[in-house]
Amino acid sequence: MNLTIPATLMRGGTSKCWVFEREVLNNQPLSMDDILLRNFGSPDIRQLDGVCGGTSTTSKAVILHLLHGQEIDGQAFDVNYLFAQARRLG
């Protein structure tokens with residue numbers, strides 16, 4: 001199955017990180033875990049079929065949830081995020 005999912009690949013120093021919006025991932029036919037693992041290059045343990053290099057520093061993702069000033073416990077927030085990192089098996 002081929003999907004086109006808007007995302008940004010960010011790099012800083014020795015690390016790379018996919019950045020996705022949660023709403024975009026929630027509206028896909030695959031689970032969030034499946035989408036992230038495919039972008040990293042899994043199930044190949046060398047991650048040759050993705051953008052990552054088979055290391056924990058290159059297998060990261062951030063899923064952003066835009067809140068636009070939503071109040072939680074009396075405080076306004078613009079963004080909430082979930083950090084994900086895949087470990088290499090093998």
# chains A, B, ... in the order shown; residues from 1 in each chain; ligands from 1
>>> residues_around(residues="His68 in chain A", least_positions_apart="5", cutoff="10 Å", atoms="only C-alpha atoms", output="short mmCIF file (atom, residue, chain, number, x, y, z; two decimals) with N, CA and C atoms, in the first residue's frame")
data_model
loop_
_atom_site.label_atom_id
_atom_site.label_comp_id
_atom_site.auth_asym_id
_atom_site.auth_seq_id
_atom_site.Cartn_x
_atom_site.Cartn_y
_atom_site.Cartn_z
N ALA A 76 -3.48 28.10 28.90
CA ALA A 76 -3.67 28.00 27.46
C ALA A 76 -2.44 27.34 26.82
N PHE A 77 -2.71 26.42 25.90
CA PHE A 77 -1.64 25.72 25.19
C PHE A 77 -1.87 25.83 23.69
N ASP A 78 -0.78 25.96 22.94
CA ASP A 78 -0.86 26.01 21.49
C ASP A 78 -0.55 24.67 20.82
N VAL A 79 0.28 23.87 21.49
CA VAL A 79 0.67 22.60 20.89
C VAL A 79 0.95 21.57 21.98
#
>>> residues_around(residues="Leu82 in chain A", least_positions_apart="3", cutoff="8 Å", atoms="only C-alpha atoms", output="list in words")
Val62, Ile63 and Leu64 of chain A
>>> atom_distance(atom1="CA of Leu36 in chain A", atom2="CA of Gly69 in chain A")
27.6 Å
>>> residues_around(residues="Ala61 in chain A", least_positions_apart="4", cutoff="12 Å", atoms="only C-alpha atoms", output="tab-separated table (two decimals) with N, CA and C atoms, in the first residue's frame")
chain	number	residue	atom	x	y	z
A	7	ALA	N	4.53	15.37	5.84
A	7	ALA	CA	5.43	15.32	6.99
A	7	ALA	C	6.68	16.13	6.67
A	8	THR	N	7.43	16.44	7.70
A	8	THR	CA	8.70	17.15	7.55
A	8	THR	C	9.79	16.30	8.18
A	9	LEU	N	10.89	16.13	7.47
A	9	LEU	CA	12.05	15.45	8.03
A	9	LEU	C	13.04	16.53	8.47
A	10	MET	N	13.27	16.60	9.77
A	10	MET	CA	14.18	17.62	10.31
A	10	MET	C	15.48	16.96	10.74
A	11	ARG	N	16.57	17.70	10.60
A	11	ARG	CA	17.88	17.19	10.97
A	11	ARG	C	18.59	18.23	11.81
A	15	SER	N	21.22	13.80	14.63
A	15	SER	CA	19.86	13.26	14.74
A	15	SER	C	18.98	13.69	13.58
A	16	LYS	N	18.04	12.81	13.23
A	16	LYS	CA	16.99	13.12	12.26
A	16	LYS	C	15.66	12.81	12.93
A	17	CYS	N	14.61	13.54	12.53
A	17	CYS	CA	13.32	13.34	13.17
A	17	CYS	C	12.20	13.65	12.18
A	18	TRP	N	11.25	12.72	12.05
A	18	TRP	CA	10.03	12.99	11.30
A	18	TRP	C	9.12	13.85	12.15
A	19	VAL	N	8.43	14.80	11.54
A	19	VAL	CA	7.43	15.62	12.23
A	19	VAL	C	6.11	15.47	11.48
A	20	PHE	N	5.10	15.00	12.20
A	20	PHE	CA	3.76	14.78	11.64
A	20	PHE	C	2.74	15.55	12.47
A	21	GLU	N	1.60	15.86	11.85
A	21	GLU	CA	0.46	16.37	12.60
A	21	GLU	C	-0.43	15.18	12.96
A	22	ARG	N	-0.86	15.14	14.21
A	22	ARG	CA	-1.65	14.01	14.71
A	22	ARG	C	-2.92	13.79	13.90
A	32	MET	N	-0.82	4.46	13.45
A	32	MET	CA	0.29	5.38	13.62
A	32	MET	C	1.60	4.62	13.73
A	33	ASP	N	1.62	3.53	14.49
A	33	ASP	CA	2.84	2.73	14.63
A	33	ASP	C	3.32	2.20	13.28
A	35	ILE	N	2.72	3.38	10.28
A	35	ILE	CA	3.20	4.49	9.45
A	35	ILE	C	4.61	4.90	9.87
A	36	LEU	N	4.83	5.06	11.17
A	36	LEU	CA	6.15	5.47	11.65
A	36	LEU	C	7.20	4.43	11.31
A	37	LEU	N	6.92	3.16	11.57
A	37	LEU	CA	7.90	2.12	11.29
A	37	LEU	C	8.25	2.04	9.81
A	38	ARG	N	7.26	2.20	8.93
A	38	ARG	CA	7.55	2.18	7.49
A	38	ARG	C	8.41	3.37	7.09
A	39	ASN	N	8.18	4.54	7.68
A	39	ASN	CA	9.01	5.70	7.37
A	39	ASN	C	10.45	5.52	7.84
A	40	PHE	N	10.63	4.79	8.94
A	40	PHE	CA	11.98	4.52	9.42
A	40	PHE	C	12.68	3.46	8.57
A	51	VAL	N	14.14	6.39	5.47
A	51	VAL	CA	15.09	7.50	5.52
A	51	VAL	C	16.05	7.38	6.69
A	52	CYS	N	15.93	6.36	7.48
A	52	CYS	CA	16.76	6.26	8.68
A	52	CYS	C	17.96	5.36	8.43
A	56	SER	N	19.33	4.50	16.75
A	56	SER	CA	18.31	5.19	17.55
A	56	SER	C	18.33	6.70	17.33
A	57	THR	N	19.47	7.27	16.94
A	57	THR	CA	19.52	8.72	16.72
A	57	THR	C	18.88	9.13	15.40
A	81	TYR	N	2.71	17.53	22.09
A	81	TYR	CA	3.44	16.65	21.20
A	81	TYR	C	3.73	15.30	21.85
A	82	LEU	N	3.89	14.32	20.99
A	82	LEU	CA	4.25	12.97	21.39
A	82	LEU	C	5.57	12.65	20.71
A	83	PHE	N	6.55	12.19	21.47
A	83	PHE	CA	7.85	11.80	20.93
A	83	PHE	C	7.87	10.29	20.76
A	84	ALA	N	8.35	9.83	19.63
A	84	ALA	CA	8.45	8.40	19.37
A	84	ALA	C	9.86	8.07	18.88
A	85	GLN	N	10.35	6.92	19.29
A	85	GLN	CA	11.67	6.48	18.85
A	85	GLN	C	11.63	4.97	18.69
A	86	ALA	N	12.09	4.50	17.54
A	86	ALA	CA	12.11	3.06	17.28
A	86	ALA	C	13.49	2.52	17.60
>>> closest_residue(among="A:Thr58, A:Pro29, A:Thr14, A:Leu66", to="Asn2 in chain A", atoms="only C-alpha atoms")
A:Pro29
>>> atom_distance(atom1="CA of Pro6 in chain A", atom2="CA of Ser42 in chain A")
19.3 Å
>>> atom_distance(atom1="CA of Asn27 in chain A", atom2="CA of Ile5 in chain A")
10.0 Å
